[in-house]
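Asker: I'd like to ask you about the structure that follows.
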Amino acid sequence: ALRAGNIKSAFEQLKYAESILVSNFSDGENSSLLAITCNNLGCYYKRMNKLHAALSYLRKALKIEIGLQTDDVTVAGTHLNICAILSKLDKHDKAIQHALCALELVGAHVASREEGSSVSQDDYTTLTVAYHNVAVEREYLQQWDQAALAYKQGFEIARRCLGDRHPLALTMGKSVQTVLEKAQKYPTMGRQHPSPRSGPQLKAHGSPSRPVSRPMQEEDGADEDAGGLGFDHSDEDEEEA
């Protein structure tokens, strides 16, 4: 429904699914479905720019996934979604921790499977996105050398595994030089030169690009810049842990 642009219908279906699954939470299969539903609700609220509600649902999803020992790539995707929300809230110290968790999880997953040639394109995409988000948060924290390294590592993976013309490969390659130029212009560490607010998540030049969100399922169809209707549910000023 989200992919088709039917925002109200998508919200109603997700909330109905949530109510059914919460009432049967003790069942293992229902717990897994609840994690998916919470993740999709998190992506939905992110689209609506209800960032605190999105963060709340994504944290619920992460807690369930960890308890169920869900596969590493799925957990990494949730960490990346949380990273994207925290970055929009300008909580970059916290955002980078989730990006690093995602990178560690998916990096270990890919490394363990590469010898058997069983790594999927989605795995490589998630790994590239993790490097991208780490680099973006390093930029916001003005850790230029580490940002450039993360961009370079992500670029090499994207170029080798996704192709030279893949959007992530193009973005990561351009960003390496951009960060090195910033390092020369602003050599001092810290926040003396705060980065301006940026636009789309894959902005290649100028201010740091926003971290890429990794929706839980293709059906979620989360368009990063979608705006529109607002809802009151869970939009109170919730303090981030």
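Following the order of the structure tokens, first chain is A, next is B, and so on, with residues numbered from 1 inside each chain and ligands from 1 in the order they appear.
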Please provide as a ChimeraX atom specification all residues within 8 Å of A:Asp123, with the sequence filter that same-chain residues fewer than 2 positions apart are discarded (counting only C-alpha atoms).
Answerer: /A:73,106,110,119-121,125-127
Asker: Restrict the selected residues to C-alpha atoms and save them as a PDB file, in the first residue's frame.
Answerer:
```pdb
ATOM      1  CA  VAL A  73      21.569  -8.738   7.916  1.00  0.00           C
ATOM      2  CA  VAL A 106      26.832  -7.416   8.026  1.00  0.00           C
ATOM      3  CA  VAL A 110      29.545 -11.352   4.279  1.00  0.00           C
ATOM      4  CA  VAL A 119      26.599 -13.697  -0.730  1.00  0.00           C
ATOM      5  CA  SER A 120      23.518 -12.038  -2.211  1.00  0.00           C
ATOM      6  CA  GLN A 121      23.329  -8.650  -3.901  1.00  0.00           C
ATOM      7  CA  THR A 125      24.079  -3.493  -0.799  1.00  0.00           C
ATOM      8  CA  THR A 126      23.495  -3.511   2.951  1.00  0.00           C
ATOM      9  CA  LEU A 127      27.255  -3.640   3.561  1.00  0.00           C
TER      10      LEU A 127
END
```
Asker: Neighbours of A:Asp145 within 8 Å (only C-alpha atoms; same-chain residues fewer than 2 positions away dropped), as a ChimeraX atom specification?
Answerer: /A:143,147-149,179-180,183
Asker: Counting only C-alpha atoms, which residue out of A:Gln142, A:Asp72, A:Phe155, A:Ala169 sits closest to A:Lys182?
Answerer: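 The shortest atom-to-atom distance to A:Lys182 comes from A:Gln142.
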Asker: Just to confirm, what's the straight-line distance from atom CA of A:Asn30 to atom CA of A:Ala102 in Å (one decimal)?
Answerer: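 A separation of 24.5 Å between them.
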Asker: Compile the contact shell of A:Tyr57 as a VMD selection string: residues with an atom at most 7 Å away, counting only C-alpha atoms, same-chain residues fewer than 6 positions apart removed.
Answerer: chain A and resid 38 to 39 41 to 42
Asker: Output the selection as a compact mmCIF listing (two decimals), in the first residue's frame - N, CA, C and O atoms for each residue.
Answerer:
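This went into part-v8.txt:
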```
# COMPACT_ATOMS: atom_id res chain seq x y z
N CYS A 38 6.72 -3.69 13.33
CA CYS A 38 7.28 -2.51 14.01
C CYS A 38 8.30 -1.81 13.13
O CYS A 38 8.37 -0.57 13.09
N ASN A 39 9.12 -2.59 12.42
CA ASN A 39 10.10 -2.00 11.53
C ASN A 39 9.42 -1.22 10.41
O ASN A 39 9.80 -0.08 10.08
N LEU A 41 6.37 0.04 10.49
CA LEU A 41 5.75 1.22 11.09
C LEU A 41 6.80 2.31 11.34
O LEU A 41 6.54 3.50 11.17
N GLY A 42 7.99 1.88 11.73
CA GLY A 42 9.08 2.84 11.91
C GLY A 42 9.41 3.55 10.61
O GLY A 42 9.57 4.78 10.56
```
Asker: With only C-alpha atoms as the counted atoms, please give the residues lying no more than 9 Å from A:Arg59, apart from itself and same-chain residues fewer than 3 positions off, as a PyMOL selection string.
Answerer: chain A and resi 38-39+42+54-56+62-64+78-79+82
Asker: Go ahead and dump the residues you just picked, all heavy atoms, as an mmCIF file, in the first residue's frame.
Answerer:
```
data_model
loop_
_atom_site.group_PDB
_atom_site.id
_atom_site.type_symbol
_atom_site.label_atom_id
_atom_site.label_comp_id
_atom_site.auth_asym_id
_atom_site.auth_seq_id
_atom_site.Cartn_x
_atom_site.Cartn_y
_atom_site.Cartn_z
ATOM 1 N N CYS A 38 6.722 -3.686 13.325
ATOM 2 C CA CYS A 38 7.279 -2.509 14.010
ATOM 3 C C CYS A 38 8.305 -1.806 13.130
ATOM 4 O O CYS A 38 8.366 -0.573 13.088
ATOM 5 C CB CYS A 38 7.921 -2.928 15.329
ATOM 6 S SG CYS A 38 6.743 -3.364 16.633
ATOM 7 N N ASN A 39 9.116 -2.595 12.420
ATOM 8 C CA ASN A 39 10.103 -1.995 11.531
ATOM 9 C C ASN A 39 9.419 -1.215 10.412
ATOM 10 O O ASN A 39 9.802 -0.083 10.084
ATOM 11 C CB ASN A 39 11.007 -3.090 10.953
ATOM 12 C CG ASN A 39 12.380 -2.557 10.573
ATOM 13 O OD1 ASN A 39 12.474 -1.538 9.910
ATOM 14 N ND2 ASN A 39 13.416 -3.251 11.002
ATOM 15 N N GLY A 42 7.995 1.876 11.728
ATOM 16 C CA GLY A 42 9.080 2.842 11.906
ATOM 17 C C GLY A 42 9.412 3.554 10.607
ATOM 18 O O GLY A 42 9.574 4.782 10.562
ATOM 19 N N ALA A 54 8.859 7.069 14.932
ATOM 20 C CA ALA A 54 9.656 6.133 14.130
ATOM 21 C C ALA A 54 10.740 5.484 14.973
ATOM 22 O O ALA A 54 10.948 4.266 14.926
ATOM 23 C CB ALA A 54 10.288 6.871 12.947
ATOM 24 N N LEU A 55 11.421 6.289 15.766
ATOM 25 C CA LEU A 55 12.493 5.775 16.608
ATOM 26 C C LEU A 55 11.964 4.770 17.627
ATOM 27 O O LEU A 55 12.576 3.725 17.879
ATOM 28 C CB LEU A 55 13.180 6.941 17.325
ATOM 29 C CG LEU A 55 14.482 6.637 18.068
ATOM 30 C CD1 LEU A 55 15.527 6.070 17.123
ATOM 31 C CD2 LEU A 55 15.004 7.904 18.740
ATOM 32 N N SER A 56 10.809 5.063 18.192
ATOM 33 C CA SER A 56 10.214 4.161 19.178
ATOM 34 C C SER A 56 9.915 2.798 18.559
ATOM 35 O O SER A 56 10.242 1.755 19.138
ATOM 36 C CB SER A 56 8.927 4.780 19.739
ATOM 37 O OG SER A 56 8.290 3.891 20.633
ATOM 38 N N LEU A 62 14.111 -3.726 17.012
ATOM 39 C CA LEU A 62 15.470 -4.183 17.301
ATOM 40 C C LEU A 62 15.507 -5.071 18.538
ATOM 41 O O LEU A 62 16.178 -6.115 18.549
ATOM 42 C CB LEU A 62 16.383 -2.971 17.502
ATOM 43 C CG LEU A 62 17.861 -3.277 17.752
ATOM 44 C CD1 LEU A 62 18.475 -4.001 16.561
ATOM 45 C CD2 LEU A 62 18.629 -1.990 18.054
ATOM 46 N N LYS A 63 14.770 -4.693 19.563
ATOM 47 C CA LYS A 63 14.734 -5.488 20.791
ATOM 48 C C LYS A 63 14.176 -6.889 20.527
ATOM 49 O O LYS A 63 14.713 -7.892 21.017
ATOM 50 C CB LYS A 63 13.880 -4.771 21.851
ATOM 51 C CG LYS A 63 13.845 -5.496 23.201
ATOM 52 C CD LYS A 63 13.049 -4.692 24.209
ATOM 53 C CE LYS A 63 13.012 -5.411 25.562
ATOM 54 N NZ LYS A 63 12.230 -4.620 26.568
ATOM 55 N N ILE A 64 13.109 -6.959 19.743
ATOM 56 C CA ILE A 64 12.513 -8.260 19.417
ATOM 57 C C ILE A 64 13.481 -9.088 18.575
ATOM 58 O O ILE A 64 13.675 -10.285 18.818
ATOM 59 C CB ILE A 64 11.178 -8.076 18.678
ATOM 60 C CG1 ILE A 64 10.156 -7.384 19.586
ATOM 61 C CG2 ILE A 64 10.630 -9.431 18.218
ATOM 62 C CD1 ILE A 64 8.895 -6.933 18.872
ATOM 63 N N THR A 78 17.907 -2.857 10.648
ATOM 64 C CA THR A 78 17.210 -2.082 11.680
ATOM 65 C C THR A 78 18.144 -1.063 12.312
ATOM 66 O O THR A 78 17.757 0.087 12.578
ATOM 67 C CB THR A 78 16.631 -3.024 12.750
ATOM 68 O OG1 THR A 78 15.778 -3.986 12.108
ATOM 69 C CG2 THR A 78 15.806 -2.250 13.772
ATOM 70 N N HIS A 79 19.387 -1.463 12.574
ATOM 71 C CA HIS A 79 20.374 -0.502 13.092
ATOM 72 C C HIS A 79 20.546 0.671 12.127
ATOM 73 O O HIS A 79 20.654 1.834 12.556
ATOM 74 C CB HIS A 79 21.725 -1.192 13.291
ATOM 75 C CG HIS A 79 21.870 -1.905 14.605
ATOM 76 N ND1 HIS A 79 21.878 -1.239 15.820
ATOM 77 C CD2 HIS A 79 22.036 -3.217 14.896
ATOM 78 C CE1 HIS A 79 22.038 -2.114 16.801
ATOM 79 N NE2 HIS A 79 22.127 -3.313 16.281
ATOM 80 N N ILE A 82 17.613 3.040 12.401
ATOM 81 C CA ILE A 82 17.737 3.851 13.616
ATOM 82 C C ILE A 82 18.796 4.930 13.419
ATOM 83 O O ILE A 82 18.617 6.088 13.827
ATOM 84 C CB ILE A 82 18.064 2.963 14.831
ATOM 85 C CG1 ILE A 82 16.870 2.046 15.150
ATOM 86 C CG2 ILE A 82 18.407 3.818 16.051
ATOM 87 C CD1 ILE A 82 17.150 1.023 16.230
#
```
Asker: Hey, which of A:Glu104, A:Glu181, A:Glu156, A:Asp93 ends up closest to A:Thr128? Count only C-alpha atoms.
Answerer: A:Glu156
Asker: Would you work out the distance separating atom CA of A:Val129 from atom CA of A:Ser31, expressed in Å to one decimal?
Answerer: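 Calculated distance between atom CA of A:Val129 and atom CA of A:Ser31 is 26.9 Å.
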Asker: Figure out the distance between atom CA of A:Thr74 and atom CA of A:Leu58, please, to one decimal in Å.
Answerer: 12.2 Å
